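A short write-up of the structure that comes next.
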Amino acid sequence: MSRFKYSYNAIVYYQEDIAKGIDRVARYGYDAIELVGEPATHDVEEINKLTNDAGIDVSSICSIWFGEERDLINPSAANRQKALDYGKSVADFAAAVGAPTIIVGPSPVGKTEALASDEQEWDWAVENVRTLGEYAASVGINITLEPWNRYETHFLNRLDRAVELLDATGLKNAGVHGDLFHMNIEEDTIHGAFARAGSKVNHVHLADSNRAAPGVGHIDFRPTLQTLKDINFDGYLTFELLPAASNPFAMMARGGHLEFLDPYTEKAINEMKKLEQELWPNE
Amino acid sequence: MSKYEFGVSTFILVSPFTDQDVDQFDVAKEMGYDLIEVCIEDPAVVSAEALKEASERTGLPVSICGAFGPDRDVSHEDPQKRRQGIDYLKLCVDIAQAVGSPHVAGPMYSATGKARLLPPGERQQQRQWAADSLREVADYASERGITLAIEPLNRFETDLVNTVEQGLELCELIGRDNVGLMLDTFHMNIEEKNIGAAITSAGDKVFHFQVSENDRGTPGSGHVPWSETFDALKTIDYQGSIVVESFLPTVEEIAKAVSLWRPVAPSMDALARDGLTFLRRELP
């Protein structure tokens with residue numbers, strides 16, 4: 001019996017038929033799959049049938065916060081509204097496929113320059129994350145705020161900053177999200193950052209230091225697993241593994257991600273279960 | 001005293017470094033550093049004469065490193081641009097020779113921040129241009145007794161050389177004995193499977209070494225595996241210097257590539273001082 005629930009982000013399965021991805025994660029013993037937040041390209045009925053038949057859940061929706069129309073802190077009010085509308089559509093999608101959580105990045109990935117003053121950006125973030133969170137609550141969904149590394153955003157790089165934003169919104173159906181690839185670059189220690197965020201952590205993306213499967217890089221996952229146990233984390237440990245490039249999508253477009261399909265999907269969960277066994281042999 | 005010379009990068013002290021900033025040699029010396037690494041950001045405002053005079057006055061040796069903005073790109077498709085990159089590097093070699101730096105160091109194979117992920121054929125071509133350009137620079141440097149220390153950068157700063165393995169491949173392609181690597185713990189923490197093993201695999205090709213914490217903060221304040229790193233330097237019998245690097249918010253030439261959006265230490269002064277204290281404690 002595993003202490004944690006495991007999920008795998010289908011983002012690295014790229015343009016593959018989702019049926020294959022669902023079959024794959026079920027085959028290797030995952031509890032759930034994380035789906036990409038593009039509601040228009042997913043058939044809800046088909047997904048519900050596939051996950052039901054495979055006996056897995058949808059853990060979460062990995063929203064694609066990219067471009068000015070998905071920028072909750074964009075200086076254009078029209079863009080901020082479009083970003084809110086997008087976030088709401090992801091929450092609806094989550095509700096339709098039974099996923100409890102959606103990921104929220106207030107400023108889009110790849111935007112590393114402020115387009116307004118720090119205070120103004122922060123105010124828009126508080127206001128729009130709150131609005132989106134309240135909408136999500138109305139359809140029974142939680143949000144999780146994800147910091148990314150310095151090369152992908154100037155806005156939230158560390159967990160403590162995400163906690164500040166979360167607290168400023170006053171939302172109850174929200175938490176913060178730690179992704180080990182980003183944390184390896186930004187935090188003093190990964191487990192220390194999780195310990196400080198404590199009960200506010202509601203989602204985790206696992207990856208090794210080079211964004212490959214655990215064991216392929218140099219992160220020691222044991223202190224992190226121990227801390228997640230200590231803070232009573234009861235969400236999903238979701239693997240978000242991506243090829244080594246500033247733009248992983250370009251890499252995947254040319255097929256440079258094949259080890260991320262069967263080989264890493266299998267290796268990732270096996271590595272973590274091995275570590276769980278080592279840490280807690282009597283459970 | 002440690003067998004290593006400990007240095008501080010001017011990127012921590014003042015950026016861009018100019019002839020008016022030679023008092024930073026005194027600052028570095030007062031902090032207790034054995035060496036100063038001067039980054040040639042704008043050759044129009046920094047001269048070998050001023051550096052040499054400051055070095056002689058303070059007794060601090062100089063390490064020369066380059067900064068590679070878009071106009072200093074030795075693997076650019078436009079031969080004119082490649083020529084500009086080669087000329088800049090030759091100028092750095094001249095400065096290194098004049099001030100007594102054993103090397104010119106830095107990510108000299110491309111413009112920093114160019115992480116476009118080319119199709120394999122074009123990437124091969126880019127690598128070849130880099131090798132051909134750097135071979136010309138290496139021969140120029142060899143005549144002047146200078147080596148080239150090539151620095152791999154993480155995936156967000158370049159698509160050409162991310163790992164020690166790729167760095168060694170480029171050295172091989174250049175094919176000159178005075179070409180080796182400069183390794184930086186910040187980049188290695190992102191890209192290497194095992195930092196100690198990566199250093200060991202480069203062996204005597206490690207010409208120069210930079211230390212920086214995983215977040216570019218003070219060495220010792222984060223989670224870079226320092227004892228593994230220092231053990232590996234001992235294993236390969238590393239003889240060069242060890243330079244503390246981070247970046248002031250005023251850095252221009254490569255600002256976007258560096259992407260530092262928050263203070264990573266109480267102050268840059270504290271980073272330099274505490275970093276040295278850490279090195280002296282760990283490598284007595």
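By order of appearance in the structure tokens: chains A, B, ..., then residues from 1 within every chain, and ligands from 1 in the order shown.
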For chain B, which residues have at least one atom within 12 Å of chain A, if we go by only C-alpha atoms? Write them as number ranges by chain, please.
B: 113-120, 153-163, 185-198, 212-225, 228, 255-265
Selection near Ala207 (chain A), 9 Å with only C-alpha atoms, sequence-local residues under 5 positions removed, as a PyMOL selection string
chain A and resi 179-181+212-214+217+219+238-242+268
Among region 146-239 of chain A, which ones does DSSP place in strand (DSSP E), written as a PDB file with C-alpha atoms, in the first residue's frame?
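Full text of result17.pdb as output:
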ATOM      1  CA  ALA A 174      -6.754  27.059  -2.851  1.00  0.00           C
ATOM      2  CA  GLY A 175      -3.195  26.125  -2.052  1.00  0.00           C
ATOM      3  CA  VAL A 176       0.310  26.248  -3.434  1.00  0.00           C
ATOM      4  CA  HIS A 177       2.100  23.909  -5.753  1.00  0.00           C
ATOM      5  CA  GLY A 178       5.721  22.827  -5.613  1.00  0.00           C
ATOM      6  CA  ASP A 179       7.443  21.533  -8.751  1.00  0.00           C
ATOM      7  CA  VAL A 201       0.703  22.696  -0.216  1.00  0.00           C
ATOM      8  CA  ASN A 202      -2.110  21.144  -2.246  1.00  0.00           C
ATOM      9  CA  HIS A 203      -0.289  19.891  -5.352  1.00  0.00           C
ATOM     10  CA  VAL A 204       3.173  18.574  -6.201  1.00  0.00           C
ATOM     11  CA  HIS A 205       4.973  18.081  -9.491  1.00  0.00           C
ATOM     12  CA  LEU A 206       7.798  15.590  -9.188  1.00  0.00           C
ATOM     13  CA  TYR A 236      -1.389  13.811  -5.764  1.00  0.00           C
ATOM     14  CA  LEU A 237       2.297  13.450  -6.464  1.00  0.00           C
ATOM     15  CA  THR A 238       2.207  14.140 -10.177  1.00  0.00           C
ATOM     16  CA  PHE A 239       5.207  13.607 -12.388  1.00  0.00           C
TER      17      PHE A 239
END
Enumerate as an MDAnalysis selection string all residues of region 18-78 of chain B assigned to alpha helix (DSSP H) by DSSP on the backbone, naming them with the chain letters and numbers the document uses.
chainID B and resid 23:31 48:58
Output the selection as a compact mmCIF listing (two decimals), in the first residue's frame - N, CA and C atoms for each residue.
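Full text of selection-v7.txt as output:
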# COMPACT_ATOMS: atom_id res chain seq x y z
N ASP B 23 39.27 50.46 -8.51
CA ASP B 23 39.30 50.39 -7.04
C ASP B 23 38.64 49.10 -6.53
N GLN B 24 37.91 48.42 -7.42
CA GLN B 24 37.31 47.13 -7.02
C GLN B 24 38.38 46.07 -6.74
N PHE B 25 39.57 46.28 -7.33
CA PHE B 25 40.69 45.39 -6.99
C PHE B 25 40.99 45.50 -5.49
N ASP B 26 40.95 46.74 -5.00
CA ASP B 26 41.21 46.96 -3.56
C ASP B 26 40.10 46.35 -2.71
N VAL B 27 38.87 46.47 -3.20
CA VAL B 27 37.73 45.88 -2.48
C VAL B 27 37.91 44.37 -2.38
N ALA B 28 38.24 43.75 -3.53
CA ALA B 28 38.42 42.29 -3.55
C ALA B 28 39.55 41.87 -2.62
N LYS B 29 40.62 42.63 -2.64
CA LYS B 29 41.78 42.31 -1.79
C LYS B 29 41.41 42.46 -0.32
N GLU B 30 40.70 43.54 -0.01
CA GLU B 30 40.31 43.78 1.38
C GLU B 30 39.39 42.66 1.88
N MET B 31 38.55 42.15 0.98
CA MET B 31 37.67 41.04 1.36
C MET B 31 38.47 39.77 1.64
N ALA B 48 43.58 46.96 -20.96
CA ALA B 48 44.57 46.08 -20.35
C ALA B 48 45.51 46.89 -19.44
N GLU B 49 45.83 48.12 -19.86
CA GLU B 49 46.77 48.93 -19.08
C GLU B 49 46.23 49.18 -17.68
N ALA B 50 44.96 49.59 -17.60
CA ALA B 50 44.38 49.90 -16.29
C ALA B 50 44.31 48.65 -15.42
N LEU B 51 43.96 47.52 -16.05
CA LEU B 51 43.85 46.27 -15.28
C LEU B 51 45.23 45.85 -14.77
N LYS B 52 46.22 45.98 -15.66
CA LYS B 52 47.58 45.56 -15.30
C LYS B 52 48.10 46.42 -14.14
N GLU B 53 47.86 47.71 -14.24
CA GLU B 53 48.33 48.62 -13.19
C GLU B 53 47.67 48.28 -11.84
N ALA B 54 46.35 48.03 -11.89
CA ALA B 54 45.63 47.71 -10.65
C ALA B 54 46.10 46.38 -10.08
N SER B 55 46.38 45.44 -10.98
CA SER B 55 46.85 44.13 -10.55
C SER B 55 48.22 44.25 -9.88
N GLU B 56 49.10 45.05 -10.48
CA GLU B 56 50.44 45.22 -9.90
C GLU B 56 50.38 45.98 -8.58
N ARG B 57 49.51 46.97 -8.54
CA ARG B 57 49.37 47.78 -7.32
C ARG B 57 48.89 46.94 -6.14
N THR B 58 47.91 46.07 -6.41
CA THR B 58 47.30 45.31 -5.31
C THR B 58 47.91 43.93 -5.15
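Going from CA of Val206 (chain B) over to CA of Lys234 (chain B), you cover 11.9 Å.
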